[in-house]
>>> print(open('structure_30.tsv').read())   # TSV, N, CA and C atoms
chain	number	residue	atom	x	y	z
R	21	MET	N	-36.51	1.79	-7.19
R	21	MET	CA	-35.24	1.13	-7.43
R	21	MET	C	-34.23	2.11	-8.05
R	22	GLU	N	-34.68	2.95	-8.98
R	22	GLU	CA	-33.79	3.93	-9.61
R	22	GLU	C	-33.21	4.89	-8.57
R	23	ILE	N	-34.05	5.37	-7.69
R	23	ILE	CA	-33.59	6.30	-6.64
R	23	ILE	C	-32.59	5.61	-5.73
R	24	LYS	N	-32.85	4.37	-5.40
R	24	LYS	CA	-31.96	3.59	-4.55
R	24	LYS	C	-30.57	3.47	-5.21
R	25	LYS	N	-30.54	3.13	-6.49
R	25	LYS	CA	-29.27	3.02	-7.22
R	25	LYS	C	-28.54	4.35	-7.28
R	26	GLU	N	-29.29	5.41	-7.55
R	26	GLU	CA	-28.66	6.72	-7.66
R	26	GLU	C	-28.05	7.15	-6.32
R	27	ARG	N	-28.74	6.90	-5.22
R	27	ARG	CA	-28.21	7.24	-3.90
R	27	ARG	C	-26.98	6.40	-3.56
R	28	ARG	N	-27.04	5.12	-3.88
R	28	ARG	CA	-25.89	4.24	-3.64
R	28	ARG	C	-24.68	4.72	-4.44
R	29	ASN	N	-24.89	5.08	-5.69
R	29	ASN	CA	-23.80	5.56	-6.52
R	29	ASN	C	-23.20	6.86	-5.98
R	30	ARG	N	-24.06	7.77	-5.51
R	30	ARG	CA	-23.57	9.02	-4.92
R	30	ARG	C	-22.74	8.75	-3.67
R	31	LEU	N	-23.22	7.83	-2.83
R	31	LEU	CA	-22.47	7.48	-1.62
R	31	LEU	C	-21.13	6.84	-1.96
R	32	ASN	N	-21.13	5.94	-2.93
R	32	ASN	CA	-19.88	5.31	-3.35
R	32	ASN	C	-18.91	6.32	-3.94
R	33	ASP	N	-19.40	7.25	-4.71
R	33	ASP	CA	-18.54	8.30	-5.27
R	33	ASP	C	-17.92	9.15	-4.15
R	34	GLU	N	-18.73	9.47	-3.16
R	34	GLU	CA	-18.23	10.28	-2.03
R	34	GLU	C	-17.20	9.49	-1.22
R	35	LEU	N	-17.46	8.21	-0.99
R	35	LEU	CA	-16.51	7.36	-0.29
R	35	LEU	C	-15.18	7.30	-1.04
R	36	THR	N	-15.24	7.13	-2.33
R	36	THR	CA	-14.03	7.06	-3.16
R	36	THR	C	-13.25	8.38	-3.09
R	37	ARG	N	-13.94	9.50	-3.17
R	37	ARG	CA	-13.29	10.81	-3.10
R	37	ARG	C	-12.62	11.03	-1.75
R	38	ILE	N	-13.33	10.76	-0.68
R	38	ILE	CA	-12.78	10.97	0.67
R	38	ILE	C	-11.58	10.04	0.91
R	39	SER	N	-11.71	8.80	0.50
R	39	SER	CA	-10.61	7.85	0.66
R	39	SER	C	-9.37	8.30	-0.11
R	40	TYR	N	-9.57	8.79	-1.33
R	40	TYR	CA	-8.45	9.29	-2.14
R	40	TYR	C	-7.76	10.46	-1.44
R	41	GLU	N	-8.55	11.41	-0.95
R	41	GLU	CA	-7.97	12.58	-0.26
R	41	GLU	C	-7.21	12.16	0.99
R	42	ASN	N	-7.78	11.25	1.77
R	42	ASN	CA	-7.09	10.77	2.97
R	42	ASN	C	-5.79	10.05	2.63
R	43	ASN	N	-5.82	9.22	1.60
R	43	ASN	CA	-4.62	8.48	1.21
R	43	ASN	C	-3.54	9.41	0.65
R	44	GLN	N	-3.93	10.48	-0.02
R	44	GLN	CA	-2.94	11.44	-0.53
R	44	GLN	C	-2.15	12.06	0.61
R	45	GLN	N	-2.77	12.21	1.77
R	45	GLN	CA	-2.10	12.79	2.93
R	45	GLN	C	-1.04	11.85	3.51
R	46	GLU	N	-1.08	10.59	3.13
R	46	GLU	CA	-0.10	9.61	3.61
R	46	GLU	C	1.24	9.74	2.88
R	47	ILE	N	1.23	10.33	1.69
R	47	ILE	CA	2.45	10.41	0.88
R	47	ILE	C	3.52	11.18	1.65
R	48	GLY	N	4.71	10.58	1.71
R	48	GLY	CA	5.84	11.19	2.42
R	48	GLY	C	6.00	10.70	3.85
R	49	THR	N	4.99	10.00	4.38
R	49	THR	CA	5.09	9.49	5.74
R	49	THR	C	5.78	8.13	5.74
R	50	VAL	N	6.25	7.72	6.90
R	50	VAL	CA	6.82	6.39	7.08
R	50	VAL	C	5.87	5.62	7.96
R	51	ARG	N	5.49	4.43	7.51
R	51	ARG	CA	4.54	3.58	8.23
R	51	ARG	C	5.16	2.21	8.45
R	52	GLU	N	4.69	1.54	9.46
R	52	GLU	CA	5.07	0.16	9.68
R	52	GLU	C	3.94	-0.70	9.12
R	53	ILE	N	4.31	-1.68	8.29
R	53	ILE	CA	3.30	-2.59	7.74
R	53	ILE	C	3.56	-4.00	8.24
R	54	ILE	N	2.49	-4.77	8.29
R	54	ILE	CA	2.64	-6.21	8.52
R	54	ILE	C	2.47	-6.87	7.16
R	55	VAL	N	3.44	-7.67	6.79
R	55	VAL	CA	3.44	-8.31	5.47
R	55	VAL	C	2.42	-9.44	5.47
R	56	ARG	N	1.50	-9.41	4.49
R	56	ARG	CA	0.51	-10.48	4.39
R	56	ARG	C	0.71	-11.35	3.15
R	57	GLU	N	1.49	-10.83	2.19
R	57	GLU	CA	1.72	-11.59	0.96
R	57	GLU	C	2.99	-11.10	0.29
R	58	ILE	N	3.73	-12.04	-0.29
R	58	ILE	CA	4.92	-11.69	-1.07
R	58	ILE	C	4.73	-12.30	-2.46
R	59	GLN	N	4.78	-11.43	-3.47
R	59	GLN	CA	4.67	-11.87	-4.85
R	59	GLN	C	6.05	-11.75	-5.49
R	60	ASP	N	6.14	-12.08	-6.76
R	60	ASP	CA	7.43	-12.02	-7.46
R	60	ASP	C	8.05	-10.63	-7.41
R	61	ASN	N	7.24	-9.60	-7.59
R	61	ASN	CA	7.79	-8.25	-7.66
R	61	ASN	C	7.12	-7.29	-6.70
R	62	ALA	N	6.43	-7.80	-5.67
R	62	ALA	CA	5.74	-6.90	-4.75
R	62	ALA	C	5.57	-7.52	-3.37
R	63	ILE	N	5.55	-6.64	-2.39
R	63	ILE	CA	5.22	-7.02	-1.02
R	63	ILE	C	3.90	-6.32	-0.71
R	64	ILE	N	2.96	-7.05	-0.16
R	64	ILE	CA	1.64	-6.50	0.13
R	64	ILE	C	1.36	-6.67	1.61
R	65	GLY	N	0.88	-5.60	2.23
R	65	GLY	CA	0.57	-5.68	3.65
R	65	GLY	C	-0.39	-4.59	4.07
R	66	TYR	N	-0.61	-4.53	5.38
R	66	TYR	CA	-1.47	-3.51	5.96
R	66	TYR	C	-0.63	-2.61	6.84
R	67	SER	N	-0.90	-1.31	6.75
R	67	SER	CA	-0.18	-0.34	7.56
R	67	SER	C	-0.71	-0.36	8.99
R	68	ASP	N	0.00	0.34	9.85
R	68	ASP	CA	-0.41	0.43	11.25
R	68	ASP	C	-1.74	1.15	11.41
R	69	ASN	N	-2.20	1.84	10.37
R	69	ASN	CA	-3.54	2.46	10.41
R	69	ASN	C	-4.51	1.73	9.47
R	70	MET	N	-4.21	0.45	9.20
R	70	MET	CA	-5.07	-0.49	8.46
R	70	MET	C	-5.36	-0.10	7.02
R	71	LYS	N	-4.36	0.45	6.34
R	71	LYS	CA	-4.51	0.73	4.92
R	71	LYS	C	-3.72	-0.31	4.12
R	72	ASN	N	-4.25	-0.68	2.97
R	72	ASN	CA	-3.61	-1.65	2.10
R	72	ASN	C	-2.40	-1.01	1.44
R	73	VAL	N	-1.22	-1.60	1.63
R	73	VAL	CA	0.03	-1.04	1.11
R	73	VAL	C	0.68	-2.03	0.16
R	74	VAL	N	1.10	-1.53	-1.00
R	74	VAL	CA	1.81	-2.33	-1.99
R	74	VAL	C	3.21	-1.74	-2.15
R	75	VAL	N	4.22	-2.59	-1.97
R	75	VAL	CA	5.61	-2.19	-2.19
R	75	VAL	C	6.08	-2.94	-3.42
R	76	LYS	N	6.16	-2.22	-4.54
R	76	LYS	CA	6.62	-2.84	-5.78
R	76	LYS	C	8.14	-2.79	-5.81
R	77	LEU	N	8.74	-3.91	-6.13
R	77	LEU	CA	10.19	-3.98	-6.23
R	77	LEU	C	10.59	-3.70	-7.67
R	78	PRO	N	11.65	-2.93	-7.86
R	78	PRO	CA	12.07	-2.61	-9.24
R	78	PRO	C	12.38	-3.87	-10.04
R	79	VAL	N	11.91	-3.93	-11.26
R	79	VAL	CA	12.12	-5.09	-12.13
R	79	VAL	C	13.60	-5.25	-12.46
R	80	GLU	N	14.31	-4.14	-12.55
R	80	GLU	CA	15.71	-4.19	-12.97
R	80	GLU	C	16.67	-4.56	-11.85
R	81	MET	N	16.18	-4.97	-10.69
R	81	MET	CA	17.04	-5.33	-9.57
R	81	MET	C	17.87	-6.57	-9.93
R	82	THR	N	19.13	-6.55	-9.52
R	82	THR	CA	19.95	-7.75	-9.69
R	82	THR	C	19.55	-8.76	-8.62
R	83	LYS	N	19.95	-9.98	-8.80
R	83	LYS	CA	19.61	-11.02	-7.82
R	83	LYS	C	20.19	-10.67	-6.45
R	84	GLU	N	21.40	-10.11	-6.44
R	84	GLU	CA	22.06	-9.76	-5.17
R	84	GLU	C	21.32	-8.61	-4.46
R	85	SER	N	20.93	-7.58	-5.22
R	85	SER	CA	20.23	-6.46	-4.59
R	85	SER	C	18.83	-6.88	-4.14
R	86	PHE	N	18.20	-7.79	-4.89
R	86	PHE	CA	16.89	-8.31	-4.48
R	86	PHE	C	17.04	-9.09	-3.17
R	87	THR	N	18.06	-9.92	-3.07
R	87	THR	CA	18.29	-10.69	-1.85
R	87	THR	C	18.54	-9.77	-0.67
R	88	ARG	N	19.32	-8.71	-0.87
R	88	ARG	CA	19.57	-7.73	0.22
R	88	ARG	C	18.28	-7.03	0.61
R	89	ALA	N	17.48	-6.61	-0.37
R	89	ALA	CA	16.24	-5.89	-0.09
R	89	ALA	C	15.24	-6.77	0.66
R	90	MET	N	15.23	-8.05	0.36
R	90	MET	CA	14.26	-8.96	0.95
R	90	MET	C	14.75	-9.60	2.25
R	91	GLN	N	15.96	-9.28	2.68
R	91	GLN	CA	16.49	-9.86	3.91
R	91	GLN	C	15.58	-9.48	5.09
R	92	GLY	N	15.09	-10.48	5.78
R	92	GLY	CA	14.21	-10.25	6.92
R	92	GLY	C	12.76	-10.02	6.57
R	93	VAL	N	12.42	-10.03	5.28
R	93	VAL	CA	11.04	-9.83	4.86
R	93	VAL	C	10.37	-11.19	4.70
R	94	ALA	N	9.31	-11.41	5.45
R	94	ALA	CA	8.54	-12.65	5.36
R	94	ALA	C	7.11	-12.34	5.76
R	95	VAL	N	6.20	-13.21	5.35
R	95	VAL	CA	4.80	-13.03	5.74
R	95	VAL	C	4.72	-13.02	7.27
R	96	GLY	N	4.01	-12.03	7.80
R	96	GLY	CA	3.84	-11.90	9.24
R	96	GLY	C	4.86	-11.01	9.91
R	97	THR	N	5.88	-10.56	9.17
R	97	THR	CA	6.87	-9.65	9.77
R	97	THR	C	6.44	-8.21	9.58
R	98	TYR	N	7.01	-7.35	10.39
R	98	TYR	CA	6.74	-5.91	10.28
R	98	TYR	C	7.88	-5.26	9.52
R	99	GLN	N	7.54	-4.34	8.62
R	99	GLN	CA	8.53	-3.64	7.81
R	99	GLN	C	8.21	-2.15	7.80
R	100	ARG	N	9.27	-1.33	7.84
R	100	ARG	CA	9.07	0.12	7.73
R	100	ARG	C	9.04	0.48	6.24
R	101	VAL	N	8.04	1.29	5.89
R	101	VAL	CA	7.80	1.64	4.49
R	101	VAL	C	7.56	3.13	4.38
R	102	LYS	N	8.21	3.76	3.40
R	102	LYS	CA	7.93	5.16	3.10
R	102	LYS	C	6.85	5.19	2.03
R	103	ILE	N	5.78	5.94	2.29
R	103	ILE	CA	4.66	6.02	1.35
R	103	ILE	C	5.02	7.00	0.23
R	104	VAL	N	4.91	6.52	-1.02
R	104	VAL	CA	5.32	7.32	-2.17
R	104	VAL	C	4.19	7.59	-3.17
R	105	GLY	N	3.05	6.95	-2.99
R	105	GLY	CA	1.93	7.17	-3.91
R	105	GLY	C	0.65	6.65	-3.30
R	106	ALA	N	-0.48	7.05	-3.88
R	106	ALA	CA	-1.76	6.64	-3.33
R	106	ALA	C	-2.86	6.66	-4.37
R	107	GLU	N	-3.80	5.74	-4.21
R	107	GLU	CA	-5.05	5.70	-4.95
R	107	GLU	C	-6.17	5.75	-3.92
R	108	SER	N	-7.39	5.54	-4.35
R	108	SER	CA	-8.51	5.61	-3.41
R	108	SER	C	-8.46	4.52	-2.34
R	109	PHE	N	-8.12	3.31	-2.72
R	109	PHE	CA	-8.19	2.21	-1.76
R	109	PHE	C	-6.88	1.45	-1.63
R	110	LYS	N	-5.77	2.09	-2.02
R	110	LYS	CA	-4.47	1.45	-1.95
R	110	LYS	C	-3.41	2.52	-1.87
R	111	ILE	N	-2.36	2.26	-1.09
R	111	ILE	CA	-1.22	3.17	-1.07
R	111	ILE	C	0.02	2.39	-1.48
R	112	PHE	N	1.01	3.10	-1.99
R	112	PHE	CA	2.22	2.48	-2.50
R	112	PHE	C	3.41	2.97	-1.69
R	113	GLY	N	4.35	2.07	-1.45
R	113	GLY	CA	5.49	2.46	-0.64
R	113	GLY	C	6.78	1.83	-1.13
R	114	GLU	N	7.86	2.25	-0.45
R	114	GLU	CA	9.20	1.70	-0.69
R	114	GLU	C	9.72	1.24	0.66
R	115	LEU	N	10.43	0.11	0.66
R	115	LEU	CA	11.04	-0.36	1.90
R	115	LEU	C	12.06	0.66	2.40
R	116	CYS	N	12.05	0.93	3.67
R	116	CYS	CA	13.04	1.83	4.26
R	116	CYS	C	14.30	1.06	4.59
R	117	SER	N	15.43	1.69	4.44
R	117	SER	CA	16.69	1.08	4.83
R	117	SER	C	16.73	0.99	6.35
R	118	VAL	N	17.38	-0.04	6.82
R	118	VAL	CA	17.50	-0.21	8.27
R	118	VAL	C	18.53	0.74	8.82
>>> encode(input="structure_30.tsv", output="structure tokens")
Amino acid sequence: MEIKKERRNRLNDELTRISYENNQQEIGTVREIIVREIQDNAIIGYSDNMKNVVVKLPVEMTKESFTRAMQGVAVGTYQRVKIVGAESFKIFGELCSV
């Protein structure tokens, strides 16, 4: 059982490392995401290459700028996003201007 746990942990560590390196290569690219959830300050979706993308909206946005930014954004719609950050199993983006 100890050997089994140790091997599983090594595999998980390797998966995490490889995923992090791959996601770092996404930074600076523009991807199309399908929106799956809209929260108060974030849009969450999947990119065209099936990566989990979080678009955090600035807290200091005025109501008018928030309304403009969210125009046309709804669950199930496609949005262009510039990737600005990455973790092992999540990437972060900003909505692209039309």
>>> closest_residue(input="structure_30.tsv", among="R:Glu57, R:Asn29, R:Val73, R:Gly65", to="R:Phe109", atoms="only C-alpha atoms")
R:Val73
>>> closest_residue(input="structure_30.tsv", among="R:Arg56, R:Lys25, R:Arg51, R:Lys76", to="R:Arg100", atoms="only C-alpha atoms")
R:Arg51
>>> atom_distance(input="structure_30.tsv", atom1="atom CA of R:Phe112", atom2="atom CA of R:Val74")
4.9 Å
>>> atom_distance(input="structure_30.tsv", atom1="atom CA of R:Gln44", atom2="atom C of R:Asn72")
12.6 Å
>>> residues_around(input="structure_30.tsv", residues="stretch 92-96 of chain R", least_positions_apart="2", cutoff="8 Å", atoms="only C-alpha atoms", output="short mmCIF file (atom, residue, chain, number, x, y, z; two decimals) with N, CA and C atoms, in the coordinates of the input")
data_model
loop_
_atom_site.label_atom_id
_atom_site.label_comp_id
_atom_site.auth_asym_id
_atom_site.auth_seq_id
_atom_site.Cartn_x
_atom_site.Cartn_y
_atom_site.Cartn_z
N ILE R 54 2.49 -4.77 8.29
CA ILE R 54 2.64 -6.21 8.52
C ILE R 54 2.47 -6.87 7.16
N VAL R 55 3.44 -7.67 6.79
CA VAL R 55 3.44 -8.31 5.47
C VAL R 55 2.42 -9.44 5.47
N ARG R 56 1.50 -9.41 4.49
CA ARG R 56 0.51 -10.48 4.39
C ARG R 56 0.71 -11.35 3.15
N GLU R 57 1.49 -10.83 2.19
CA GLU R 57 1.72 -11.59 0.96
C GLU R 57 2.99 -11.10 0.29
N ILE R 58 3.73 -12.04 -0.29
CA ILE R 58 4.92 -11.69 -1.07
C ILE R 58 4.73 -12.30 -2.46
N MET R 90 15.23 -8.05 0.36
CA MET R 90 14.26 -8.96 0.95
C MET R 90 14.75 -9.60 2.25
N TYR R 98 7.01 -7.35 10.39
CA TYR R 98 6.74 -5.91 10.28
C TYR R 98 7.88 -5.26 9.52
N GLN R 99 7.54 -4.34 8.62
CA GLN R 99 8.53 -3.64 7.81
C GLN R 99 8.21 -2.15 7.80
#
>>> atom_distance(input="structure_30.tsv", atom1="atom CA of R:Val75", atom2="atom CA of R:Ala62")
5.4 Å
>>> select_by_dssp(input="structure_30.tsv", residues="stretch 39-76 of chain R", states="strand (DSSP E or B)", output="PyMOL selection string")
chain R and resi 50-58+62-67+72-76
>>> closest_residue(input="structure_30.tsv", among="R:Ile63, R:Ile38, R:Ile103, R:Met21", to="R:Val50", atoms="only N, CA and C atoms")
R:Ile103
>>> select_by_dssp(input="structure_30.tsv", residues="chain R", states="helix (DSSP H, G or I)", output="number ranges by chain")
R: 22-44, 83-89
>>> closest_residue(input="structure_30.tsv", among="R:Glu46, R:Asp68, R:Asp60, R:Glu34", to="R:Val104", atoms="only N, CA and C atoms")
R:Glu46
>>> closest_residue(input="structure_30.tsv", among="R:Ser67, R:Val101, R:Glu26, R:Glu107", to="R:Ser39", atoms="all atoms listed in the file")
R:Glu107
>>> closest_residue(input="structure_30.tsv", among="R:Thr97, R:Lys102, R:Leu35, R:Arg28", to="R:Ile53", atoms="all atoms listed in the file")
R:Thr97
>>> axis_aligned_box(input="structure_30.tsv", around="stretch 45-56 of chain R", padding_each_side="8 Å", output="AutoDock Vina command-line options")
--center_x 2.0 --center_y 0.7 --center_z 5.3 --size_x 25.6 --size_y 40.1 --size_z 24.8
